[in-house]
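Coordinates as given in protein-v7.pdb (PDB, C-alpha atoms):
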```pdb
ATOM      1  CA  SER L  79     -44.803   9.216  18.690  1.00  0.00           C
ATOM      2  CA  HIS L  80     -41.610   7.414  19.697  1.00  0.00           C
ATOM      3  CA  PHE L  81     -42.662   4.458  17.547  1.00  0.00           C
ATOM      4  CA  VAL L  82     -43.097   6.513  14.386  1.00  0.00           C
ATOM      5  CA  SER L  83     -39.966   8.620  14.790  1.00  0.00           C
ATOM      6  CA  ARG L  84     -37.708   5.692  15.599  1.00  0.00           C
ATOM      7  CA  THR L  85     -39.137   3.510  12.854  1.00  0.00           C
ATOM      8  CA  THR L  86     -38.707   6.314  10.321  1.00  0.00           C
ATOM      9  CA  MET L  87     -35.146   6.863  11.489  1.00  0.00           C
ATOM     10  CA  THR L  88     -34.346   3.160  11.148  1.00  0.00           C
ATOM     11  CA  HIS L  89     -35.800   3.102   7.628  1.00  0.00           C
ATOM     12  CA  PHE L  90     -33.603   6.065   6.733  1.00  0.00           C
ATOM     13  CA  ILE L  91     -30.463   4.366   8.084  1.00  0.00           C
ATOM     14  CA  PHE L  92     -31.301   1.180   6.182  1.00  0.00           C
ATOM     15  CA  ILE L  93     -31.713   3.133   2.917  1.00  0.00           C
ATOM     16  CA  ALA L  94     -28.538   5.195   3.494  1.00  0.00           C
ATOM     17  CA  CYS L  95     -26.411   2.080   4.013  1.00  0.00           C
ATOM     18  CA  SER L  96     -27.976   0.423   0.968  1.00  0.00           C
ATOM     19  CA  LEU L  97     -27.099   3.457  -1.145  1.00  0.00           C
ATOM     20  CA  LEU L  98     -23.495   3.343   0.103  1.00  0.00           C
ATOM     21  CA  LEU L  99     -23.245  -0.289  -0.975  1.00  0.00           C
ATOM     22  CA  ALA L 100     -24.330   0.797  -4.467  1.00  0.00           C
ATOM     23  CA  CYS L 101     -21.681   3.526  -4.641  1.00  0.00           C
ATOM     24  CA  PRO L 102     -18.189   2.159  -5.459  1.00  0.00           C
ATOM     25  CA  SER L 103     -16.381   5.220  -4.097  1.00  0.00           C
ATOM     26  CA  GLY L 104     -18.608   5.142  -1.028  1.00  0.00           C
ATOM     27  CA  ILE L 105     -17.428   1.625  -0.210  1.00  0.00           C
ATOM     28  CA  ALA L 106     -13.848   2.914  -0.291  1.00  0.00           C
ATOM     29  CA  ALA L 107     -14.628   5.499   2.402  1.00  0.00           C
ATOM     30  CA  PHE L 108     -17.191   3.427   4.341  1.00  0.00           C
ATOM     31  CA  PRO L 109     -16.142  -0.249   3.836  1.00  0.00           C
ATOM     32  CA  ALA L 110     -18.766  -2.684   2.552  1.00  0.00           C
ATOM     33  CA  PRO L 111     -18.625  -4.925   5.670  1.00  0.00           C
ATOM     34  CA  ALA L 112     -19.372  -1.908   7.870  1.00  0.00           C
ATOM     35  CA  ALA L 113     -22.225  -0.792   5.612  1.00  0.00           C
ATOM     36  CA  LEU L 114     -23.623  -4.331   5.566  1.00  0.00           C
ATOM     37  CA  ALA L 115     -23.424  -4.548   9.350  1.00  0.00           C
ATOM     38  CA  CYS L 116     -25.146  -1.186   9.679  1.00  0.00           C
ATOM     39  CA  ARG L 117     -27.898  -2.204   7.256  1.00  0.00           C
ATOM     40  CA  SER L 118     -28.356  -5.583   8.947  1.00  0.00           C
ATOM     41  CA  ARG L 119     -28.684  -3.891  12.345  1.00  0.00           C
ATOM     42  CA  ALA L 120     -31.298  -1.509  10.957  1.00  0.00           C
ATOM     43  CA  LEU L 121     -33.224  -4.388   9.354  1.00  0.00           C
ATOM     44  CA  SER L 122     -33.105  -6.338  12.587  1.00  0.00           C
ATOM     45  CA  MET L 123     -34.448  -3.342  14.500  1.00  0.00           C
ATOM     46  CA  LEU L 124     -37.233  -2.912  11.970  1.00  0.00           C
ATOM     47  CA  GLN L 125     -38.224  -6.559  12.307  1.00  0.00           C
ATOM     48  CA  ARG L 126     -38.242  -6.335  16.102  1.00  0.00           C
ATOM     49  CA  THR L 127     -40.244  -3.129  15.883  1.00  0.00           C
ATOM     50  CA  ARG L 128     -42.876  -4.751  13.690  1.00  0.00           C
ATOM     51  CA  SER L 129     -43.063  -7.727  16.037  1.00  0.00           C
ATOM     52  CA  ALA L 130     -43.337  -5.421  19.025  1.00  0.00           C
ATOM     53  CA  ARG L 131     -46.133  -3.448  17.414  1.00  0.00           C
ATOM     54  CA  MET L 132     -48.125  -6.622  16.957  1.00  0.00           C
ATOM     55  CA  GLY L 133     -47.353  -7.757  20.492  1.00  0.00           C
ATOM     56  CA  SER L 134     -46.871  -5.952  23.771  1.00  0.00           C
ATOM     57  CA  GLY L 135     -45.686  -2.792  22.037  1.00  0.00           C
ATOM     58  CA  ALA L 136     -49.180  -2.133  20.710  1.00  0.00           C
ATOM     59  CA  ARG L 137     -50.357  -1.821  24.307  1.00  0.00           C
ATOM     60  CA  THR L 138     -47.479   0.316  25.539  1.00  0.00           C
ATOM     61  CA  GLY L 139     -47.285   3.204  23.109  1.00  0.00           C
ATOM     62  CA  GLY L 140     -45.714   1.307  20.179  1.00  0.00           C
ATOM     63  CA  TRP L 141     -42.514  -0.061  21.745  1.00  0.00           C
ATOM     64  CA  PRO L 142     -42.105  -3.183  23.900  1.00  0.00           C
ATOM     65  CA  CYS L 143     -41.449  -2.574  27.575  1.00  0.00           C
ATOM     66  CA  MET L 144     -40.918   1.168  27.403  1.00  0.00           C
ATOM     67  CA  HIS L 145     -42.163   1.450  30.963  1.00  0.00           C
ATOM     68  CA  ALA L 146     -40.851  -0.174  34.134  1.00  0.00           C
ATOM     69  CA  ARG L 147     -44.224  -1.831  34.851  1.00  0.00           C
ATOM     70  CA  CYS L 148     -44.303  -3.560  31.470  1.00  0.00           C
ATOM     71  CA  THR L 149     -43.998  -7.332  31.709  1.00  0.00           C
ATOM     72  CA  ILE L 150     -41.320  -8.910  29.538  1.00  0.00           C
ATOM     73  CA  THR L 151     -42.146 -12.320  28.133  1.00  0.00           C
ATOM     74  CA  GLY L 152     -39.790 -14.936  26.746  1.00  0.00           C
ATOM     75  CA  SER L 153     -36.518 -16.400  27.964  1.00  0.00           C
ATOM     76  CA  ASN L 154     -34.080 -14.480  25.786  1.00  0.00           C
ATOM     77  CA  THR L 155     -32.404 -12.221  28.341  1.00  0.00           C
ATOM     78  CA  ALA L 156     -30.334 -10.350  25.768  1.00  0.00           C
ATOM     79  CA  HIS L 157     -33.470  -9.466  23.809  1.00  0.00           C
ATOM     80  CA  SER L 158     -35.230  -8.513  27.037  1.00  0.00           C
ATOM     81  CA  ALA L 159     -32.414  -6.175  28.047  1.00  0.00           C
ATOM     82  CA  GLN L 160     -32.514  -4.504  24.668  1.00  0.00           C
ATOM     83  CA  ALA L 161     -36.276  -4.172  25.002  1.00  0.00           C
ATOM     84  CA  ARG L 162     -35.860  -2.469  28.378  1.00  0.00           C
ATOM     85  CA  HIS L 163     -33.281  -0.077  26.917  1.00  0.00           C
ATOM     86  CA  PRO L 164     -34.132   0.464  23.229  1.00  0.00           C
ATOM     87  CA  HIS L 165     -32.206   3.749  23.230  1.00  0.00           C
ATOM     88  CA  ARG L 166     -28.896   1.870  23.437  1.00  0.00           C
ATOM     89  CA  ALA L 167     -29.574   0.084  20.178  1.00  0.00           C
ATOM     90  CA  TYR L 168     -30.527   3.370  18.589  1.00  0.00           C
ATOM     91  CA  GLN L 169     -27.323   5.009  19.773  1.00  0.00           C
ATOM     92  CA  LYS L 170     -25.417   2.407  17.744  1.00  0.00           C
ATOM     93  CA  LEU L 171     -27.697   3.011  14.775  1.00  0.00           C
ATOM     94  CA  LEU L 172     -27.134   6.752  15.027  1.00  0.00           C
ATOM     95  CA  LEU L 173     -23.364   6.176  14.898  1.00  0.00           C
ATOM     96  CA  CYS L 174     -23.929   4.118  11.735  1.00  0.00           C
ATOM     97  CA  LEU L 175     -26.005   6.936  10.272  1.00  0.00           C
ATOM     98  CA  LEU L 176     -23.330   9.536  11.056  1.00  0.00           C
ATOM     99  CA  ALA L 177     -20.568   7.437   9.470  1.00  0.00           C
ATOM    100  CA  ALA L 178     -22.734   6.720   6.427  1.00  0.00           C
ATOM    101  CA  ALA L 179     -23.595  10.392   5.989  1.00  0.00           C
ATOM    102  CA  LEU L 180     -19.944  11.452   6.197  1.00  0.00           C
ATOM    103  CA  ALA L 181     -18.909   8.778   3.702  1.00  0.00           C
ATOM    104  CA  ALA L 182     -21.676   9.740   1.301  1.00  0.00           C
ATOM    105  CA  ARG L 183     -20.714  13.423   1.570  1.00  0.00           C
ATOM    106  CA  THR L 184     -17.011  12.861   0.927  1.00  0.00           C
ATOM    107  CA  ALA L 185     -16.975   9.853  -1.376  1.00  0.00           C
ATOM    108  CA  CYS L 186     -20.194   9.749  -3.381  1.00  0.00           C
ATOM    109  CA  THR L 187     -19.984  13.196  -4.921  1.00  0.00           C
ATOM    110  CA  PRO L 188     -21.390  13.435  -8.448  1.00  0.00           C
ATOM    111  CA  VAL L 189     -19.004  13.168 -11.349  1.00  0.00           C
ATOM    112  CA  TRP L 190     -20.105  16.465 -12.753  1.00  0.00           C
ATOM    113  CA  ALA L 191     -18.657  18.289  -9.738  1.00  0.00           C
ATOM    114  CA  VAL L 192     -15.178  18.082 -11.251  1.00  0.00           C
ATOM    115  CA  SER L 193     -16.059  19.184 -14.757  1.00  0.00           C
ATOM    116  CA  GLY L 194     -18.230  21.945 -13.361  1.00  0.00           C
ATOM    117  CA  GLY L 195     -15.548  23.508 -11.186  1.00  0.00           C
ATOM    118  CA  GLY L 196     -14.581  21.325  -8.264  1.00  0.00           C
ATOM    119  CA  LYS L 197     -11.789  21.616  -5.711  1.00  0.00           C
ATOM    120  CA  ASP L 198      -8.968  24.068  -6.391  1.00  0.00           C
ATOM    121  CA  TYR L 199      -8.618  24.476 -10.171  1.00  0.00           C
ATOM    122  CA  SER L 200     -10.581  21.398 -11.221  1.00  0.00           C
ATOM    123  CA  GLY L 201     -12.708  21.823 -14.328  1.00  0.00           C
ATOM    124  CA  GLN L 202     -11.465  25.336 -15.083  1.00  0.00           C
ATOM    125  CA  ASN L 203     -10.276  26.738 -18.396  1.00  0.00           C
ATOM    126  CA  LEU L 204      -6.569  27.472 -17.855  1.00  0.00           C
ATOM    127  CA  GLU L 205      -5.439  27.553 -21.459  1.00  0.00           C
ATOM    128  CA  GLY L 206      -2.252  29.597 -21.767  1.00  0.00           C
ATOM    129  CA  ALA L 207      -2.191  30.366 -18.022  1.00  0.00           C
ATOM    130  CA  ASP L 208       1.192  31.037 -16.415  1.00  0.00           C
ATOM    131  CA  PHE L 209       1.951  28.986 -13.285  1.00  0.00           C
ATOM    132  CA  SER L 210       5.708  28.905 -13.806  1.00  0.00           C
ATOM    133  CA  GLY L 211       7.655  28.648 -10.563  1.00  0.00           C
ATOM    134  CA  LYS L 212       4.483  28.564  -8.445  1.00  0.00           C
ATOM    135  CA  ARG L 213       4.042  26.393  -5.337  1.00  0.00           C
ATOM    136  CA  LEU L 214       1.027  24.236  -6.116  1.00  0.00           C
ATOM    137  CA  ALA L 215       1.809  21.014  -4.289  1.00  0.00           C
ATOM    138  CA  GLY L 216      -1.250  18.854  -3.640  1.00  0.00           C
ATOM    139  CA  LYS L 217      -3.570  21.010  -5.740  1.00  0.00           C
ATOM    140  CA  GLU L 218      -6.367  19.601  -7.881  1.00  0.00           C
ATOM    141  CA  PHE L 219      -6.265  20.245 -11.625  1.00  0.00           C
ATOM    142  CA  ARG L 220      -8.635  17.434 -12.562  1.00  0.00           C
ATOM    143  CA  GLY L 221     -10.279  17.842 -15.938  1.00  0.00           C
ATOM    144  CA  ILE L 222      -8.810  21.303 -16.648  1.00  0.00           C
ATOM    145  CA  LEU L 223      -8.436  22.784 -20.115  1.00  0.00           C
ATOM    146  CA  GLY L 224      -4.733  23.563 -19.845  1.00  0.00           C
ATOM    147  CA  ALA L 225      -3.489  23.602 -23.414  1.00  0.00           C
ATOM    148  CA  ASN L 226      -0.342  25.751 -23.775  1.00  0.00           C
ATOM    149  CA  ALA L 227      -0.284  26.449 -20.026  1.00  0.00           C
ATOM    150  CA  ASN L 228       3.096  27.188 -18.454  1.00  0.00           C
ATOM    151  CA  PHE L 229       4.007  25.066 -15.409  1.00  0.00           C
ATOM    152  CA  ALA L 230       7.781  25.301 -15.892  1.00  0.00           C
ATOM    153  CA  SER L 231       9.711  24.771 -12.629  1.00  0.00           C
ATOM    154  CA  ALA L 232       6.448  24.732 -10.653  1.00  0.00           C
ATOM    155  CA  ASN L 233       6.084  22.630  -7.496  1.00  0.00           C
ATOM    156  CA  LEU L 234       3.260  20.253  -8.417  1.00  0.00           C
ATOM    157  CA  ALA L 235       4.150  17.410  -6.070  1.00  0.00           C
ATOM    158  CA  ALA L 236       1.179  15.146  -5.267  1.00  0.00           C
ATOM    159  CA  SER L 237      -1.112  17.240  -7.438  1.00  0.00           C
ATOM    160  CA  SER L 238      -3.812  15.696  -9.622  1.00  0.00           C
ATOM    161  CA  PHE L 239      -4.164  16.211 -13.367  1.00  0.00           C
ATOM    162  CA  PHE L 240      -6.577  13.335 -13.897  1.00  0.00           C
ATOM    163  CA  LYS L 241      -8.113  13.612 -17.387  1.00  0.00           C
ATOM    164  CA  ALA L 242      -6.694  17.137 -17.752  1.00  0.00           C
ATOM    165  CA  ASP L 243      -5.886  18.578 -21.171  1.00  0.00           C
ATOM    166  CA  LEU L 244      -2.195  19.481 -21.022  1.00  0.00           C
ATOM    167  CA  SER L 245      -1.519  19.446 -24.749  1.00  0.00           C
ATOM    168  CA  ASN L 246       1.530  21.581 -25.579  1.00  0.00           C
ATOM    169  CA  ALA L 247       1.846  22.574 -21.914  1.00  0.00           C
ATOM    170  CA  ASP L 248       5.295  23.481 -20.600  1.00  0.00           C
ATOM    171  CA  LEU L 249       6.207  21.280 -17.626  1.00  0.00           C
ATOM    172  CA  THR L 250       9.954  21.713 -18.018  1.00  0.00           C
ATOM    173  CA  GLY L 251      11.748  21.166 -14.700  1.00  0.00           C
ATOM    174  CA  ALA L 252       8.439  20.849 -12.823  1.00  0.00           C
ATOM    175  CA  ASP L 253       8.250  18.815  -9.620  1.00  0.00           C
ATOM    176  CA  LEU L 254       5.574  16.221 -10.408  1.00  0.00           C
ATOM    177  CA  SER L 255       6.697  13.676  -7.831  1.00  0.00           C
ATOM    178  CA  GLY L 256       3.741  11.631  -6.628  1.00  0.00           C
ATOM    179  CA  ALA L 257       1.420  13.499  -8.986  1.00  0.00           C
ATOM    180  CA  SER L 258      -1.438  11.896 -10.882  1.00  0.00           C
ATOM    181  CA  LEU L 259      -1.297  12.312 -14.661  1.00  0.00           C
ATOM    182  CA  GLU L 260      -3.630   9.429 -15.358  1.00  0.00           C
ATOM    183  CA  GLU L 261      -5.446   9.793 -18.686  1.00  0.00           C
ATOM    184  CA  ALA L 262      -4.165  13.354 -19.010  1.00  0.00           C
ATOM    185  CA  GLY L 263      -3.811  14.682 -22.548  1.00  0.00           C
ATOM    186  CA  LEU L 264      -0.050  15.208 -22.940  1.00  0.00           C
ATOM    187  CA  ASP L 265       0.237  15.564 -26.695  1.00  0.00           C
ATOM    188  CA  GLY L 266       3.162  17.914 -27.339  1.00  0.00           C
ATOM    189  CA  ALA L 267       3.811  18.550 -23.626  1.00  0.00           C
ATOM    190  CA  LEU L 268       7.344  19.475 -22.562  1.00  0.00           C
ATOM    191  CA  LEU L 269       8.621  17.269 -19.726  1.00  0.00           C
ATOM    192  CA  ALA L 270      12.364  17.821 -20.037  1.00  0.00           C
ATOM    193  CA  GLY L 271      14.009  17.810 -16.610  1.00  0.00           C
ATOM    194  CA  ALA L 272      10.712  17.109 -14.837  1.00  0.00           C
ATOM    195  CA  ASP L 273      10.675  15.046 -11.643  1.00  0.00           C
ATOM    196  CA  LEU L 274       8.069  12.326 -12.206  1.00  0.00           C
ATOM    197  CA  SER L 275       9.240  10.015  -9.448  1.00  0.00           C
ATOM    198  CA  SER L 276       6.408   7.980  -7.898  1.00  0.00           C
ATOM    199  CA  ALA L 277       3.942   9.648 -10.285  1.00  0.00           C
ATOM    200  CA  TYR L 278       0.852   7.844 -11.573  1.00  0.00           C
ATOM    201  CA  LEU L 279       1.013   7.665 -15.358  1.00  0.00           C
ATOM    202  CA  THR L 280      -0.902   6.047 -18.190  1.00  0.00           C
ATOM    203  CA  LYS L 281      -0.088   5.454 -21.847  1.00  0.00           C
ATOM    204  CA  THR L 282      -0.617   9.162 -22.638  1.00  0.00           C
ATOM    205  CA  ILE L 283       2.813   9.946 -21.140  1.00  0.00           C
ATOM    206  CA  ALA L 284       4.290   8.638 -24.389  1.00  0.00           C
ATOM    207  CA  ASP L 285       2.626  11.545 -26.243  1.00  0.00           C
ATOM    208  CA  ALA L 286       4.890  14.098 -24.530  1.00  0.00           C
ATOM    209  CA  LYS L 287       7.145  15.991 -26.887  1.00  0.00           C
ATOM    210  CA  THR L 288      10.299  15.852 -24.740  1.00  0.00           C
ATOM    211  CA  ILE L 289      11.367  13.699 -21.776  1.00  0.00           C
ATOM    212  CA  THR L 290      15.103  14.420 -21.778  1.00  0.00           C
ATOM    213  CA  GLY L 291      16.418  14.497 -18.223  1.00  0.00           C
ATOM    214  CA  ALA L 292      13.053  13.486 -16.734  1.00  0.00           C
ATOM    215  CA  ASP L 293      13.163  11.281 -13.634  1.00  0.00           C
ATOM    216  CA  PHE L 294      10.647   8.382 -13.704  1.00  0.00           C
ATOM    217  CA  SER L 295      11.945   6.603 -10.587  1.00  0.00           C
ATOM    218  CA  GLU L 296       9.263   4.312  -9.102  1.00  0.00           C
ATOM    219  CA  ALA L 297       6.591   5.885 -11.314  1.00  0.00           C
ATOM    220  CA  ILE L 298       3.494   3.749 -11.870  1.00  0.00           C
ATOM    221  CA  LEU L 299       2.975   3.203 -15.600  1.00  0.00           C
ATOM    222  CA  PRO L 300       2.034   0.351 -17.962  1.00  0.00           C
ATOM    223  CA  ALA L 301       4.881  -2.008 -18.891  1.00  0.00           C
ATOM    224  CA  TYR L 302       4.255  -1.443 -22.591  1.00  0.00           C
ATOM    225  CA  THR L 303       4.484   2.337 -22.125  1.00  0.00           C
ATOM    226  CA  GLN L 304       7.742   1.932 -20.229  1.00  0.00           C
ATOM    227  CA  ARG L 305       9.201   0.072 -23.207  1.00  0.00           C
ATOM    228  CA  VAL L 306       7.932   2.752 -25.605  1.00  0.00           C
ATOM    229  CA  LEU L 307       9.654   5.465 -23.555  1.00  0.00           C
ATOM    230  CA  CYS L 308      12.902   3.514 -23.453  1.00  0.00           C
ATOM    231  CA  ASP L 309      12.865   3.291 -27.252  1.00  0.00           C
ATOM    232  CA  ARG L 310      12.661   7.058 -27.635  1.00  0.00           C
ATOM    233  CA  SER L 311      15.761   8.875 -28.820  1.00  0.00           C
ATOM    234  CA  ASP L 312      15.261  11.633 -26.236  1.00  0.00           C
ATOM    235  CA  ALA L 313      15.184   9.204 -23.281  1.00  0.00           C
ATOM    236  CA  THR L 314      18.601  10.492 -22.276  1.00  0.00           C
ATOM    237  CA  GLY L 315      20.205  12.899 -19.858  1.00  0.00           C
ATOM    238  CA  VAL L 316      20.257  13.292 -16.092  1.00  0.00           C
ATOM    239  CA  ASN L 317      17.740  15.117 -13.940  1.00  0.00           C
ATOM    240  CA  THR L 318      19.487  18.196 -12.519  1.00  0.00           C
ATOM    241  CA  LYS L 319      17.540  18.088  -9.239  1.00  0.00           C
ATOM    242  CA  THR L 320      17.535  14.392  -8.387  1.00  0.00           C
ATOM    243  CA  GLY L 321      20.742  13.414 -10.169  1.00  0.00           C
ATOM    244  CA  VAL L 322      19.049  10.344 -11.662  1.00  0.00           C
ATOM    245  CA  ALA L 323      19.527   9.440 -15.336  1.00  0.00           C
ATOM    246  CA  THR L 324      16.330   9.158 -17.389  1.00  0.00           C
ATOM    247  CA  ARG L 325      17.115   5.683 -18.757  1.00  0.00           C
ATOM    248  CA  GLU L 326      18.089   4.467 -15.307  1.00  0.00           C
ATOM    249  CA  SER L 327      14.831   5.742 -13.824  1.00  0.00           C
ATOM    250  CA  LEU L 328      12.906   3.896 -16.559  1.00  0.00           C
ATOM    251  CA  MET L 329      14.958   0.735 -15.935  1.00  0.00           C
ATOM    252  CA  CYS L 330      15.781   0.565 -19.612  1.00  0.00           C
ATOM    253  CA  PRO L 331      17.975  -2.363 -20.716  1.00  0.00           C
TER     254      PRO L 331
END
```

For the file at hand, write its structure as structure tokens.
Amino acid sequence: SHFVSRTTMTHFIFIACSLLLACPSGIAAFPAPAALACRSRALSMLQRTRSARMGSGARTGGWPCMHARCTITGSNTAHSAQARHPHRAYQKLLLCLLAAALAARTACTPVWAVSGGGKDYSGQNLEGADFSGKRLAGKEFRGILGANANFASANLAASSFFKADLSNADLTGADLSGASLEEAGLDGALLAGADLSSAYLTKTIADAKTITGADFSEAILPAYTQRVLCDRSDATGVNTKTGVATRESLMCP
């Protein structure tokens, strides 16, 4: 019946919005206020549905005033109009459901998707692989096993190496502008002449073997790590592509 299908649908929307509120990344894609509003609307519809079932709705096929000859009681005109046209309220609920489903699909993906082989190269074993000189801007390398990989002079702008193992990897002269190297294993990595401007870095950047001529302009990194890099003897030279001196880019005293 219309009553059962609509009530079931409303329950589903209420649960979907509740799940989004419990998913931190879901809130980023489908903001909490929107999810709360969606859930509140669904709850309100459920309450009205229950009331209707106990009242006039029980005599008119499970929904109040579904037919033109149904008599509407009460003085609340807004509620009466919604009772005469319940489909309008459900159109809004369906929009909530669509937005919630899209947000859940794109934002609440399981964590194991990356380690198990996610987008692009994510989660793959790329140890010793040769990507030198390749155009890989915007690619995902999240969680890769990339020890001893060769990325020399590669275009890796805006790429993501989040939690990737890049120990002893060759990133000499690579374009890593705007790239994410957060929590990446960089022990022994070669970053001489690399463009790290506007890159997202964590304390592991200090584990790199060489940073001579690297450009760190406007890179996001911890203040303590910035001081550690400035104290290094190889924090010298000028980046051949950007023309910016390493110490200048690190704002060393």

Length of the CA of Gly251 in chain L to CA of Ser231 in chain L vector [Å]: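 Atom-to-atom, CA of Gly251 in chain L to CA of Ser231 in chain L, that is 4.6 Å.
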
Top pick for closest residue to Ala292 in chain L, considering L:Leu279, L:Asp253, L:Ser311, L:Gln304 and counting all atoms listed in the file: L:Asp253

Residue neighbourhood range 270-277 of chain L, 7 Å, all atoms listed in the file, exclusion window fewer than 4 positions, as a ChimeraX atom specification: /L:249-258,288-298,317-318

Between CA of Glu261 in chain L and CA of Lys241 in chain L, distance in Å (one decimal): 4.8 Å

Nearby residues (only C-alpha atoms) at most 6 Å from Asn226 in chain L, same-chain spacing under 4 positions excluded, as a list in words: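 Neighbouring residues, sequence-local ones excluded: Glu205, Gly206, Asn246 and Ala247 of chain L.
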
Shortest interatomic distance to Leu299 in chain L - which of L:Asp248, L:Asp243, L:Asp208, L:Glu260, counting only C-alpha atoms: L:Glu260

The PyMOL selection byres ((chain L and resi 325) around 8) applied to the shown file, residues as a ChimeraX atom specification: /L:308,313-315,323-324,326-330

Contact residues around Thr282 in chain L with all atoms listed in the file at 7 Å, ignoring same-chain residues under 3 positions, as an MDAnalysis selection string: chainID L and resid 261:264 285

For the selection just defined, write its residues with C-alpha atoms to a file, as an mmCIF file, in the frame of the given file.
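out-v1.cif, written as the output of this step:
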```
data_model
loop_
_atom_site.group_PDB
_atom_site.id
_atom_site.type_symbol
_atom_site.label_atom_id
_atom_site.label_comp_id
_atom_site.auth_asym_id
_atom_site.auth_seq_id
_atom_site.Cartn_x
_atom_site.Cartn_y
_atom_site.Cartn_z
ATOM 1 C CA GLU L 261 -5.446 9.793 -18.686
ATOM 2 C CA ALA L 262 -4.165 13.354 -19.010
ATOM 3 C CA GLY L 263 -3.811 14.682 -22.548
ATOM 4 C CA LEU L 264 -0.050 15.208 -22.940
ATOM 5 C CA ASP L 285 2.626 11.545 -26.243
#
```

Coordinates-based distance that separates CA of Ala242 in chain L from CA of Ala267 in chain L (Å, one decimal):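 Between CA of Ala267 in chain L and CA of Ala242 in chain L the gap is 12.1 Å.
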
Residue IDs satisfying the PyMOL selection byres ((chain L and resi 233) around 6), as a ChimeraX atom specification: /L:213-215,232,234-235,253

Test item: residues at most 7 Å from Pro300 in chain L, only C-alpha atoms, excluding those fewer than 3 positions along its chain, as a list in words: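 Answer for this query is Thr280, Lys281, Thr303 and Gln304 of chain L.
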
Residues matched by the PyMOL selection byres ((chain L and resi 220) around 10) as a list in words: Val192, Ser193, Gly195, Gly196, Lys197, Asp198, Tyr199, Ser200, Gly201, Gln202, Lys217, Glu218, Phe219, Gly221, Ile222, Leu223, Ser237, Ser238, Phe239, Phe240, Lys241, Ala242, Asp243, Ser258, Leu259, Glu260 and Ala262 of chain L

Nearest residue to Arg305 in chain L from the set L:Leu244, L:Ala236, L:Ala284, L:Ala230 (distances using all atoms listed in the file): L:Ala284
